[in-house]
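Visitor: Contents are mmCIF, C-alpha atoms; file name final-v3.cif:
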data_target
loop_
_atom_site.label_atom_id
_atom_site.label_comp_id
_atom_site.auth_asym_id
_atom_site.auth_seq_id
_atom_site.Cartn_x
_atom_site.Cartn_y
_atom_site.Cartn_z
CA MET X 1 0.00 0.00 0.00
CA ASP X 2 2.29 2.71 -1.30
CA ASP X 3 1.00 6.17 -0.33
CA THR X 4 3.86 8.15 -1.89
CA ILE X 5 1.67 9.96 -4.42
CA TYR X 6 -1.10 10.55 -1.90
CA SER X 7 1.36 12.14 0.56
CA THR X 8 1.89 15.03 -1.90
CA SER X 9 -1.85 15.76 -2.25
CA THR X 10 -3.74 18.67 -0.70
CA GLN X 11 -5.97 16.14 1.05
CA HIS X 12 -2.97 14.80 2.95
CA ARG X 13 -1.41 18.20 3.63
CA LEU X 14 -4.54 20.11 4.61
CA PHE X 15 -7.05 17.54 5.83
CA THR X 16 -5.14 14.75 7.57
CA PHE X 17 -4.98 14.84 11.37
CA THR X 18 -4.36 12.82 14.47
CA PRO X 19 -7.50 12.24 16.56
CA LYS X 20 -6.40 14.91 19.06
CA GLN X 21 -5.59 17.47 16.36
CA LEU X 22 -9.01 16.95 14.80
CA SER X 23 -10.78 17.28 18.14
CA ASP X 24 -8.81 20.41 19.11
CA LEU X 25 -9.63 22.05 15.77
CA ARG X 26 -13.36 21.56 16.31
CA TYR X 27 -13.22 22.99 19.81
CA ALA X 28 -11.20 25.97 18.57
CA THR X 29 -13.69 26.72 15.76
CA ASN X 30 -16.60 26.67 18.20
CA LYS X 31 -14.74 28.87 20.69
CA VAL X 32 -13.89 31.54 18.11
CA ALA X 33 -17.47 31.66 16.74
CA THR X 34 -19.00 31.77 20.23
CA GLU X 35 -16.75 34.62 21.33
CA LYS X 36 -17.45 36.53 18.13
CA ILE X 37 -21.24 36.33 18.30
CA THR X 38 -21.25 37.02 22.06
CA GLU X 39 -19.12 40.11 21.55
CA SER X 40 -21.38 41.23 18.69
CA ILE X 41 -24.55 40.96 20.80
CA LYS X 42 -23.00 42.75 23.76
CA ARG X 43 -21.54 45.52 21.60
CA ARG X 44 -24.87 46.23 19.93
CA ALA X 45 -26.65 46.12 23.26
CA ALA X 46 -24.21 48.70 24.59
CA ALA X 47 -24.92 50.88 21.55
CA THR X 48 -28.58 50.99 22.60
CA GLY X 49 -27.68 52.01 26.14
CA ILE X 50 -27.90 48.57 27.79
CA VAL X 51 -25.04 47.89 30.20
CA GLU X 52 -23.25 44.53 29.95
CA SER X 53 -24.69 43.29 33.24
CA GLY X 54 -28.17 43.84 31.83
CA VAL X 55 -27.62 41.62 28.78
CA GLU X 56 -29.51 38.35 28.97
CA GLU X 57 -27.30 35.24 29.09
CA ILE X 58 -26.12 34.19 25.64
CA ASP X 59 -26.53 30.43 25.23
CA CYS X 60 -24.51 29.33 22.18
CA PRO X 61 -24.31 25.70 20.98
CA THR X 62 -21.29 23.82 22.28
CA ALA X 63 -18.72 22.15 20.03
CA GLU X 64 -20.36 18.78 20.76
CA GLU X 65 -23.77 20.12 19.77
CA GLU X 66 -22.44 21.68 16.58
CA LEU X 67 -20.89 18.37 15.51
CA LYS X 68 -24.19 16.56 16.12
CA LEU X 69 -26.00 19.11 13.97
CA VAL X 70 -23.50 18.88 11.10
CA ALA X 71 -23.54 15.06 11.24
CA TYR X 72 -27.34 15.06 11.01
CA TYR X 73 -27.31 17.31 7.94
CA CYS X 74 -24.64 15.10 6.39
CA VAL X 75 -27.21 12.30 6.51
CA LYS X 76 -29.70 14.62 4.84
CA CYS X 77 -27.15 15.39 2.13
CA MET X 78 -26.64 11.65 1.59
CA GLN X 79 -30.39 11.16 1.23
CA LEU X 80 -30.60 14.03 -1.25
CA SER X 81 -27.80 12.49 -3.30
CA ASP X 82 -29.65 9.17 -3.38
CA HIS X 83 -32.79 11.03 -4.49
CA PHE X 84 -30.85 12.51 -7.43
CA GLN X 85 -29.41 9.02 -8.08
CA PHE X 86 -25.89 10.40 -8.27
CA PRO X 87 -22.97 7.94 -8.46
CA SER X 88 -20.98 7.07 -5.35
CA ASN X 89 -18.09 9.42 -6.12
CA VAL X 90 -20.40 12.47 -6.33
CA LYS X 91 -22.13 11.57 -3.06
CA ALA X 92 -18.81 10.92 -1.32
CA THR X 93 -17.31 14.20 -2.57
CA ALA X 94 -20.34 16.21 -1.38
CA LEU X 95 -20.17 14.63 2.09
CA THR X 96 -16.42 15.20 2.25
CA PHE X 97 -16.91 18.88 1.33
CA LEU X 98 -19.42 19.27 4.18
CA HIS X 99 -17.06 17.65 6.69
CA ARG X 100 -14.11 19.75 5.55
CA LEU X 101 -16.05 23.01 5.52
CA TYR X 102 -17.27 22.65 9.10
CA LEU X 103 -13.82 21.98 10.48
CA THR X 104 -13.10 25.71 10.36
CA THR X 105 -16.61 27.13 9.86
CA SER X 106 -19.10 27.20 12.70
CA THR X 107 -22.83 26.58 12.34
CA LEU X 108 -23.17 29.90 14.19
CA THR X 109 -21.75 31.53 11.08
CA LEU X 110 -23.30 29.40 8.35
CA HIS X 111 -26.14 26.91 8.82
CA PRO X 112 -25.48 23.58 7.02
CA LYS X 113 -29.08 23.32 5.84
CA LYS X 114 -28.50 26.25 3.47
CA LEU X 115 -25.52 24.54 1.84
CA LEU X 116 -26.77 21.02 1.14
CA LEU X 117 -27.90 21.64 -2.44
CA PRO X 118 -25.10 24.10 -3.38
CA ILE X 119 -22.47 21.62 -2.14
CA LEU X 120 -24.15 18.73 -3.91
CA TYR X 121 -24.23 20.69 -7.17
CA LEU X 122 -20.59 21.71 -6.71
CA ALA X 123 -19.70 18.03 -6.22
CA THR X 124 -21.24 17.14 -9.60
CA LYS X 125 -18.93 19.65 -11.26
CA THR X 126 -15.90 18.55 -9.25
CA GLU X 127 -16.44 14.93 -10.28
CA ASN X 128 -17.20 15.81 -13.93
CA HIS X 129 -20.72 14.44 -13.63
CA TYR X 130 -22.49 16.81 -16.01
CA THR X 131 -25.86 17.93 -14.65
CA PRO X 132 -27.70 20.86 -16.29
CA ILE X 133 -28.63 23.36 -13.60
CA LYS X 134 -32.28 23.41 -14.71
CA SER X 135 -32.50 19.62 -14.37
CA PHE X 136 -30.91 19.87 -10.94
CA ILE X 137 -33.41 22.51 -9.79
CA ASP X 138 -36.36 20.49 -11.14
CA ALA X 139 -35.14 17.32 -9.40
CA ALA X 140 -34.59 19.24 -6.15
CA ALA X 141 -38.19 20.49 -6.28
CA THR X 142 -39.48 16.89 -6.32
CA ALA X 143 -37.57 16.27 -3.07
CA GLY X 144 -39.11 19.31 -1.38
CA PRO X 145 -36.57 22.16 -1.42
CA LYS X 146 -37.28 24.87 -4.00
CA VAL X 147 -34.15 26.66 -5.13
CA THR X 148 -33.14 29.13 -7.80
CA LYS X 149 -30.02 29.33 -9.89
CA GLU X 150 -28.70 32.05 -7.58
CA ASP X 151 -29.33 29.88 -4.51
CA LEU X 152 -27.03 27.22 -5.98
CA LEU X 153 -24.27 29.43 -7.37
CA ASP X 154 -24.02 32.34 -4.91
CA PRO X 155 -22.61 30.27 -1.99
CA GLU X 156 -19.90 28.63 -4.13
CA PHE X 157 -17.24 31.24 -3.37
CA THR X 158 -17.87 30.94 0.38
CA ILE X 159 -17.71 27.14 0.14
CA ALA X 160 -14.50 27.30 -1.91
CA MET X 161 -12.83 29.52 0.68
CA GLY X 162 -13.91 27.16 3.46
CA LEU X 163 -12.41 24.26 1.53
CA ARG X 164 -9.21 26.28 1.05
CA TRP X 165 -9.73 25.82 -2.70
CA ALA X 166 -8.84 22.12 -2.36
CA PHE X 167 -11.51 20.43 -4.46
CA GLN X 168 -9.85 17.11 -5.23
CA VAL X 169 -10.96 14.23 -3.02
CA TRP X 170 -9.11 10.92 -2.92
CA HIS X 171 -11.70 8.20 -2.34
CA PRO X 172 -11.09 4.58 -1.26
CA PHE X 173 -13.26 3.07 -4.02
CA ARG X 174 -10.44 2.43 -6.48
CA GLY X 175 -8.41 0.54 -3.87
CA LEU X 176 -11.38 -1.71 -3.11
CA GLU X 177 -11.81 -2.53 -6.81
CA GLY X 178 -8.13 -3.50 -6.92
CA ILE X 179 -8.58 -5.96 -4.03
CA PHE X 180 -11.64 -7.46 -5.73
CA LEU X 181 -9.86 -7.89 -9.08
CA GLU X 182 -6.73 -9.42 -7.54
CA LEU X 183 -8.68 -11.95 -5.50
CA ASN X 184 -10.56 -13.01 -8.62
CA ALA X 185 -7.26 -13.27 -10.51
CA ILE X 186 -5.86 -15.53 -7.76
CA ALA X 187 -8.98 -17.71 -7.87
CA ALA X 188 -8.52 -18.06 -11.64
CA GLY X 189 -4.80 -18.87 -11.28
CA HIS X 190 -3.69 -15.72 -13.11
CA TYR X 191 -2.18 -13.75 -10.25
CA GLN X 192 1.21 -12.19 -10.96
CA PRO X 193 3.05 -10.74 -7.93
CA PRO X 194 5.21 -7.61 -8.20
CA LYS X 195 8.65 -8.35 -9.69
CA PRO X 196 10.77 -7.81 -6.55
CA LYS X 197 8.66 -10.33 -4.60
CA GLU X 198 8.32 -13.10 -7.18
CA ASN X 199 10.58 -15.40 -5.20
CA LEU X 200 8.87 -14.65 -1.88
CA VAL X 201 5.20 -15.28 -2.61
CA LEU X 202 3.28 -18.46 -3.41
CA PRO X 203 3.25 -19.55 -7.07
CA ALA X 204 -0.01 -18.73 -8.84
CA ALA X 205 -1.18 -22.36 -8.86
CA GLU X 206 -0.52 -22.84 -5.16
CA ALA X 207 -2.18 -19.54 -4.25
CA LYS X 208 -5.22 -20.60 -6.26
CA VAL X 209 -5.51 -23.89 -4.38
CA THR X 210 -5.23 -22.13 -1.01
CA LEU X 211 -7.92 -19.60 -1.92
CA LEU X 212 -10.29 -22.23 -3.32
CA GLU X 213 -9.95 -24.21 -0.09
CA LEU X 214 -10.88 -21.08 1.83
CA LEU X 215 -13.89 -20.44 -0.43
CA ALA X 216 -15.02 -24.07 -0.03
CA GLY X 217 -17.02 -23.98 -3.22
CA ASP X 218 -18.69 -20.65 -2.46
CA MET X 219 -17.45 -18.76 -5.54
CA ASP X 220 -19.72 -15.79 -4.83
CA ARG X 221 -18.04 -15.05 -1.50
CA ILE X 222 -15.54 -12.60 -3.00
CA GLY X 223 -18.36 -10.68 -4.68
CA ARG X 224 -20.40 -10.54 -1.48
CA ALA X 225 -17.42 -9.28 0.52
CA HIS X 226 -16.76 -6.65 -2.13
CA GLY X 227 -20.42 -5.57 -2.08
CA GLU X 228 -20.52 -5.28 1.71
CA ALA X 229 -17.25 -3.33 1.80
CA ARG X 230 -18.53 -0.94 -0.85
CA ARG X 231 -21.75 -0.47 1.12
CA LEU X 232 -19.67 0.53 4.15
CA LEU X 233 -17.62 2.97 2.08
CA THR X 234 -20.70 4.65 0.60
CA THR X 235 -22.62 4.93 3.88
CA THR X 236 -20.93 4.63 7.29
CA ALA X 237 -17.45 5.74 6.16
CA LEU X 238 -18.91 9.00 4.83
CA LEU X 239 -20.47 9.79 8.22
CA THR X 240 -17.31 9.21 10.27
CA ASP X 241 -13.85 10.78 10.51
CA VAL X 242 -11.94 8.09 8.59
CA TYR X 243 -11.15 10.44 5.70
CA PHE X 244 -9.39 12.77 8.18
CA LEU X 245 -7.51 10.05 10.05
CA TYR X 246 -6.40 7.46 7.47
CA THR X 247 -5.24 7.13 3.85
CA PRO X 248 -7.61 5.93 1.09
CA PRO X 249 -5.88 2.50 0.70
CA GLN X 250 -6.14 1.94 4.46
CA ILE X 251 -9.83 2.88 4.43
CA SER X 252 -10.63 0.56 1.51
CA PHE X 253 -8.84 -2.38 3.14
CA GLY X 254 -10.34 -1.61 6.55
CA ALA X 255 -13.80 -1.86 4.98
CA PHE X 256 -12.88 -5.17 3.31
CA LEU X 257 -11.53 -6.48 6.62
CA GLU X 258 -14.83 -5.61 8.31
CA ALA X 259 -16.75 -7.27 5.45
CA ASP X 260 -14.80 -10.58 5.45
CA ARG X 261 -11.86 -10.97 7.85
CA GLU X 262 -10.76 -14.38 6.52
CA LEU X 263 -10.52 -13.23 2.90
CA ALA X 264 -8.75 -10.03 3.95
CA THR X 265 -6.23 -11.98 6.05
CA PHE X 266 -5.55 -14.35 3.14
CA TYR X 267 -4.93 -11.39 0.86
CA LEU X 268 -2.48 -9.89 3.36
CA ASP X 269 -0.68 -13.26 3.62
CA ILE X 270 -0.20 -13.21 -0.15
CA LYS X 271 1.14 -9.67 -0.07
CA PHE X 272 3.34 -10.22 3.02
CA PRO X 273 4.51 -13.86 3.07
CA GLU X 274 6.24 -15.36 6.14
CA SER X 275 9.51 -15.65 4.19
CA ASP X 276 9.62 -11.86 3.86
CA LEU X 277 10.84 -10.76 7.32
CA ALA X 278 10.64 -7.03 6.61
CA GLY X 279 7.22 -7.53 5.06
CA GLY X 280 6.08 -9.42 8.15
CA LYS X 281 6.76 -6.41 10.38
CA ALA X 282 4.94 -4.12 7.96
CA LYS X 283 2.02 -6.56 7.89
CA ALA X 284 1.67 -6.57 11.68
CA LYS X 285 1.72 -2.77 11.78
CA LEU X 286 -0.76 -2.48 8.91
CA LEU X 287 -3.12 -5.03 10.43
CA GLY X 288 -3.23 -2.95 13.61
CA VAL X 289 -4.29 0.13 11.63
CA LEU X 290 -6.88 -1.81 9.63
CA ASP X 291 -8.34 -3.32 12.83
CA GLU X 292 -8.62 0.19 14.24
CA ILE X 293 -10.58 1.37 11.19
CA ALA X 294 -12.86 -1.67 11.12
CA LYS X 295 -13.62 -1.93 14.84
CA ASN X 296 -13.59 1.72 15.90
CA HIS X 297 -15.28 3.35 12.91
CA LEU X 298 -16.99 0.95 10.49
CA SER X 299 -18.30 -1.86 12.67
CA ALA X 300 -22.05 -2.42 12.58
CA GLY X 301 -21.90 -3.30 16.27
CA LEU X 302 -20.98 0.24 17.34
CA SER X 303 -23.57 2.09 19.42
CA GLY X 304 -23.83 4.77 22.04
CA GLU X 305 -23.16 2.13 24.72
CA SER X 306 -19.94 0.83 23.09
CA LYS X 307 -16.61 1.55 24.77
CA ASN X 308 -15.13 4.79 23.41
CA PRO X 309 -11.53 4.26 22.21
CA TYR X 310 -11.06 8.04 21.90
CA GLN X 311 -12.25 9.10 25.34
CA GLY X 312 -12.42 12.87 25.72
CA LEU X 313 -11.93 13.60 22.01
CA LEU X 314 -14.58 15.21 19.82
CA LEU X 315 -14.82 12.68 16.98
CA GLN X 316 -17.74 11.45 14.89
CA LEU X 317 -18.60 8.32 16.83
CA PRO X 318 -21.96 6.91 17.97
CA GLN X 319 -20.49 6.88 21.50
CA ASN X 320 -20.55 10.70 21.29
CA GLY X 321 -24.19 10.76 20.20
CA ILE X 322 -23.26 11.36 16.55
CA THR X 323 -25.36 10.03 13.68
CA THR X 324 -23.11 7.61 11.79
CA SER X 325 -25.68 5.60 9.82
CA LEU X 326 -28.97 6.05 8.02
CA ALA X 327 -30.64 3.84 10.64
CA MET X 328 -29.47 6.13 13.46
CA SER X 329 -30.81 9.20 11.63
CA VAL X 330 -34.40 8.18 12.36
CA ASP X 331 -33.77 7.36 16.02
CA PRO X 332 -36.38 9.43 17.94
CA GLY X 333 -33.89 10.34 20.67
CA LEU X 334 -31.29 11.68 18.24
CA VAL X 335 -33.89 13.51 16.15
CA LYS X 336 -35.22 15.19 19.30
CA GLU X 337 -31.69 16.16 20.34
CA VAL X 338 -30.86 17.64 16.92
CA THR X 339 -34.16 19.56 16.91
CA ARG X 340 -33.28 21.05 20.31
CA ILE X 341 -29.83 22.10 19.07
CA ASP X 342 -31.29 23.60 15.91
CA LYS X 343 -33.72 25.71 17.95
CA LYS X 344 -30.91 26.81 20.25
CA LEU X 345 -28.84 27.86 17.24
CA TYR X 346 -31.80 29.72 15.73
CA ARG X 347 -32.43 31.67 18.94
CA VAL X 348 -28.87 32.91 19.32
CA THR X 349 -28.37 33.84 15.64
CA LYS X 350 -31.78 35.58 15.52
CA ARG X 351 -30.87 37.47 18.64
CA ASP X 352 -27.69 38.71 16.97
CA GLN X 353 -29.64 39.73 13.86
CA ASP X 354 -32.33 41.48 15.93
CA SER X 355 -29.73 43.42 17.89
CA ALA X 356 -28.18 44.52 14.60
CA GLY X 357 -31.49 46.03 13.55
CA LYS X 358 -32.18 47.91 16.78
CA LYS X 359 -31.39 51.63 16.91
CA LYS X 360 -31.02 54.19 19.63
CA PRO X 361 -34.21 56.26 20.28
CA GLU X 362 -32.52 59.44 19.01
CA GLU X 363 -32.12 57.82 15.57
CA GLY X 364 -35.88 58.12 15.01
CA ASN X 365 -37.29 61.10 13.13
CA ALA X 366 -39.62 63.75 14.50
CA ASN X 367 -42.67 61.64 13.66
CA GLY X 368 -41.38 58.66 15.61
CA GLY X 369 -40.34 56.87 12.41
CA GLN X 370 -37.07 55.02 11.96
CA THR X 371 -34.68 56.06 9.20
CA GLY X 372 -32.06 53.41 10.08
CA ASN X 373 -31.38 50.57 7.66
CA GLY X 374 -29.89 48.00 10.01
CA ASN X 375 -26.29 48.43 8.85
CA GLY X 376 -25.46 51.33 11.14
CA SER X 377 -25.60 54.04 8.49
CA GLY X 378 -29.11 55.32 9.29
CA ASN X 379 -29.58 56.29 5.65
CA GLY X 380 -32.76 54.78 4.21
CA LYS X 381 -32.35 56.68 0.91
CA TYR X 382 -28.98 54.99 0.39
CA ASP X 383 -30.61 51.58 0.77
CA GLU X 384 -33.29 52.41 -1.78
CA ASP X 385 -30.71 53.57 -4.32
CA GLU X 386 -28.55 50.53 -3.74
CA GLU X 387 -31.49 48.17 -4.09
CA ARG X 388 -32.55 49.89 -7.32
CA ARG X 389 -29.05 49.61 -8.80
CA ALA X 390 -28.81 45.94 -7.78
CA LYS X 391 -32.15 45.23 -9.45
CA LYS X 392 -31.02 46.99 -12.61
CA ARG X 393 -27.81 44.97 -12.75
CA ARG X 394 -29.74 41.73 -12.23
CA LEU X 395 -32.18 42.54 -15.04
CA GLU X 396 -29.30 43.40 -17.37
CA ARG X 397 -27.58 40.12 -16.54
CA GLU X 398 -30.75 38.12 -17.19
CA LYS X 399 -31.29 39.96 -20.48
CA ALA X 400 -27.71 39.27 -21.54
CA GLU X 401 -28.15 35.57 -20.76
CA ARG X 402 -31.31 35.41 -22.88
CA GLU X 403 -29.61 37.19 -25.77
CA GLY X 404 -26.47 35.10 -25.54
CA ASP X 405 -24.14 37.95 -24.53
CA VAL X 406 -21.73 36.02 -22.30
CA PHE X 407 -19.76 39.19 -21.50
CA GLY X 408 -22.69 41.00 -19.86
CA ALA X 409 -23.52 44.68 -20.13
CA SER X 410 -21.24 47.20 -21.79
CA LEU X 411 -18.75 49.16 -19.70
CA SER X 412 -20.69 52.40 -20.19
CA ASP X 413 -23.83 50.76 -18.81
CA VAL X 414 -21.95 49.44 -15.80
CA LYS X 415 -20.49 52.89 -15.08
CA THR X 416 -23.94 54.45 -15.40
CA ALA X 417 -25.46 51.83 -13.09
CA GLY X 418 -22.88 52.53 -10.41
CA ALA X 419 -22.72 56.30 -10.83
CA GLY X 420 -24.65 57.02 -7.65
CA SER X 421 -22.50 54.80 -5.44
CA PHE X 422 -20.07 57.47 -4.31
#
Take the structure in this file and express it as structure tokens.
Guide:
Amino acid sequence: MDDTIYSTSTQHRLFTFTPKQLSDLRYATNKVATEKITESIKRRAAATGIVESGVEEIDCPTAEEELKLVAYYCVKCMQLSDHFQFPSNVKATALTFLHRLYLTTSTLTLHPKKLLLPILYLATKTENHYTPIKSFIDAAATAGPKVTKEDLLDPEFTIAMGLRWAFQVWHPFRGLEGIFLELNAIAAGHYQPPKPKENLVLPAAEAKVTLLELLAGDMDRIGRAHGEARRLLTTTALLTDVYFLYTPPQISFGAFLEADRELATFYLDIKFPESDLAGGKAKAKLLGVLDEIAKNHLSAGLSGESKNPYQGLLLQLPQNGITTSLAMSVDPGLVKEVTRIDKKLYRVTKRDQDSAGKKKPEEGNANGGQTGNGNGSGNGKYDEDEERRAKKRRLEREKAEREGDVFGASLSDVKTAGAGSF
């Protein structure tokens, strides 16, 4: 499992962590967002004459609650992808984008519900799965959410910044296909080991006999193991932290190990024979990592009551009350908990927005009316002009699209439209 090429990728450099690093990053993101919104509410309250001691307690979601909320909406994104019938790589890329984005972005800043469809559409472009935007909007409407072209495209810049412009995602699917093909080649007697190890591994005929004895006439066993491993990679693996903690080859083999331990062990014995002493040490180390992936992250037996191998760390595990499967997403207890967190988030963000719109009494006019616009300028006329210019630009853009003018309005028109800005 040579990861030399992968080690030069942005995924490895920007989005690979130890469990503690990953947990610390999530706590830090929540802390920064909480301090920022708390300061904002208090500052605006002070501007209206309310002293700090008179400000009602600000109850922001904790880092644990934020992770539960993001994990729940990741399940929703997975369900949306299945509704669109997108291939596995598109679904996996969309989920990975969501996970990456909310490492450094708080739900206090940007609610995940607003980004599900924009991220899913961005994933189709990233994976070269051509989907006309009109078809996407029509399909989205059948699932419930009604969106416009602007709703899909406007958030892309924000998403790209959150992803640090690293769009490529290395998935474990290709590695799993390699395991499947090699096991079938061994069963057919066609396996050819790498050149440097030709004298260390079993001859093709002997390897075939050993594998057929293991299969005991069940020739569909390899296919079933492959299918179960792929199911794990397209469901549970996308709702856990394995992409942040392990390499794609390790993830693919960990899923295969969880699907069929005997077949996986046989495959490792072929790759690391007893006669290869150095290979034997590598095998023992690798098997420890694969066991960690299978038992701690992908096992179907994991639940909230299971022993937590990462005690005290904020990771996506059912032991932490995180939704890591489609079955868990409908659990009444978890749904109730996520609903509570969502309401808590709504209250604090609405409070910040409301405080932004409040003005001092002296900002009112002689008739008791308010001339403030909510941005601190107190100039309602400015808002009207700006709104009018924005509407004009939008109409010009739509007209240009209908007429096929890909370069938009002329420079003179743009200057005229913005003439009143200064």
Visitor: Kindly resolve the PyMOL selection byres ((chain X and resi 96) around 10) on the present coordinates and return the residues as a PyMOL selection string.
Guide: chain X and resi 74+90-95+97-101+119+123+163+167+169-171+238-239+241+243-244
Visitor: One number please: atom CA of X:Met328 to atom CA of X:Gly144, in Å, one decimal.
Guide: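 Here the two named atoms are 22.1 Å from each other.
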Visitor: Just checking: using only C-alpha atoms, which residue out of X:Gly280, X:Pro132, X:Pro273, X:Pro112 ends up closest to X:Tyr72?
Guide: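 Ranked by minimum distance to X:Tyr72, first place goes to X:Pro112.
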Visitor: For the point (-18.6, -10.1, -4.6) in file coordinates, what residues are within 12 Å, counting only C-alpha atoms? Give the answer as a count of residues only?
Guide: 25
Visitor: Do a neighbour search on stretch 306-321 of chain X at 7 Å with only C-alpha atoms, toss out local chain neighbours closer than 5 positions, and write the hits as a list in words.
Guide: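 In the requested format, the answer is Lys20, Ser23, Glu64, Thr240 and Asp241 of chain X.
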Visitor: If you apply the PyMOL selection byres ((chain X and resi 299) around 12) to this file, what residues do you get, as JSON, numbers by chain?
Guide: {"X": [228, 229, 232, 233, 235, 236, 237, 240, 254, 255, 256, 257, 258, 259, 260, 290, 291, 292, 293, 294, 295, 296, 297, 298, 300, 301, 302, 303, 306, 317, 318, 324, 325]}
Visitor: Once the PyMOL selection byres ((chain X and resi 345-356) around 10) has been applied to the shown file, what residues remain in the selection, as a VMD selection string?
Guide: chain X and resid 34 37 to 45 47 to 48 58 to 62 65 to 66 69 107 to 111 339 to 344 357 to 359 373 to 376
Visitor: Which centre and which edge lengths, in Å to one decimal, describe the axis-aligned box that holds all listed atoms of stretch 101-108 of chain X after 6 Å is added on each side, as JSON?
Guide:
{"center_x": -18.1, "center_y": 25.9, "center_z": 9.9, "size_x": 22.1, "size_y": 19.9, "size_z": 20.7}
Visitor: Applying 10 Å and all atoms listed in the file, which residues near X:Leu117 remain after dropping the ones on its own chain fewer than 4 positions away? List them as a ChimeraX atom specification.
Guide: /X:77,80-81,94,112-113,121-123,136-137,140,145,147,151-153
Visitor: Please indicate the distance in Å from atom CA of X:Thr210 to atom CA of X:Asp276, rounded to one decimal place.
Guide: 18.7 Å
Visitor: What gap, in Å, lies between atom CA of X:Ser329 and atom CA of X:Gln85?
Guide: 19.8 Å
Visitor: Starting from the sparse input, extend stretch 90-95 of chain X to all heavy atoms and give the output as an mmCIF file, in the frame of the given file.
Guide:
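Final output, selection-v1.cif:
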data_model
loop_
_atom_site.group_PDB
_atom_site.id
_atom_site.type_symbol
_atom_site.label_atom_id
_atom_site.label_comp_id
_atom_site.auth_asym_id
_atom_site.auth_seq_id
_atom_site.Cartn_x
_atom_site.Cartn_y
_atom_site.Cartn_z
ATOM 1 N N VAL X 90 -19.794 11.152 -6.528
ATOM 2 C CA VAL X 90 -20.400 12.470 -6.330
ATOM 3 C C VAL X 90 -20.915 12.594 -4.896
ATOM 4 O O VAL X 90 -20.680 13.606 -4.210
ATOM 5 C CB VAL X 90 -21.551 12.705 -7.331
ATOM 6 C CG1 VAL X 90 -22.310 13.985 -6.992
ATOM 7 C CG2 VAL X 90 -21.003 12.784 -8.749
ATOM 8 N N LYS X 91 -21.615 11.557 -4.433
ATOM 9 C CA LYS X 91 -22.130 11.570 -3.060
ATOM 10 C C LYS X 91 -20.986 11.690 -2.050
ATOM 11 O O LYS X 91 -21.053 12.496 -1.112
ATOM 12 C CB LYS X 91 -22.943 10.304 -2.788
ATOM 13 C CG LYS X 91 -23.415 10.190 -1.352
ATOM 14 C CD LYS X 91 -24.462 9.103 -1.180
ATOM 15 C CE LYS X 91 -23.913 7.714 -1.369
ATOM 16 N NZ LYS X 91 -24.909 6.675 -1.057
ATOM 17 N N ALA X 92 -19.937 10.910 -2.258
ATOM 18 C CA ALA X 92 -18.810 10.920 -1.320
ATOM 19 C C ALA X 92 -18.096 12.267 -1.321
ATOM 20 O O ALA X 92 -17.675 12.758 -0.266
ATOM 21 C CB ALA X 92 -17.825 9.807 -1.687
ATOM 22 N N THR X 93 -17.970 12.895 -2.486
ATOM 23 C CA THR X 93 -17.310 14.200 -2.570
ATOM 24 C C THR X 93 -18.149 15.270 -1.859
ATOM 25 O O THR X 93 -17.611 16.117 -1.126
ATOM 26 C CB THR X 93 -17.079 14.598 -4.035
ATOM 27 O OG1 THR X 93 -16.134 13.684 -4.611
ATOM 28 C CG2 THR X 93 -16.527 16.012 -4.143
ATOM 29 N N ALA X 94 -19.467 15.234 -2.046
ATOM 30 C CA ALA X 94 -20.340 16.210 -1.380
ATOM 31 C C ALA X 94 -20.241 16.081 0.138
ATOM 32 O O ALA X 94 -20.115 17.082 0.855
ATOM 33 C CB ALA X 94 -21.786 16.008 -1.839
ATOM 34 N N LEU X 95 -20.277 14.846 0.635
ATOM 35 C CA LEU X 95 -20.170 14.630 2.090
ATOM 36 C C LEU X 95 -18.814 15.081 2.609
ATOM 37 O O LEU X 95 -18.719 15.678 3.689
ATOM 38 C CB LEU X 95 -20.391 13.152 2.403
ATOM 39 C CG LEU X 95 -21.816 12.665 2.718
ATOM 40 C CD1 LEU X 95 -22.316 13.236 4.027
ATOM 41 C CD2 LEU X 95 -22.786 12.991 1.617
#
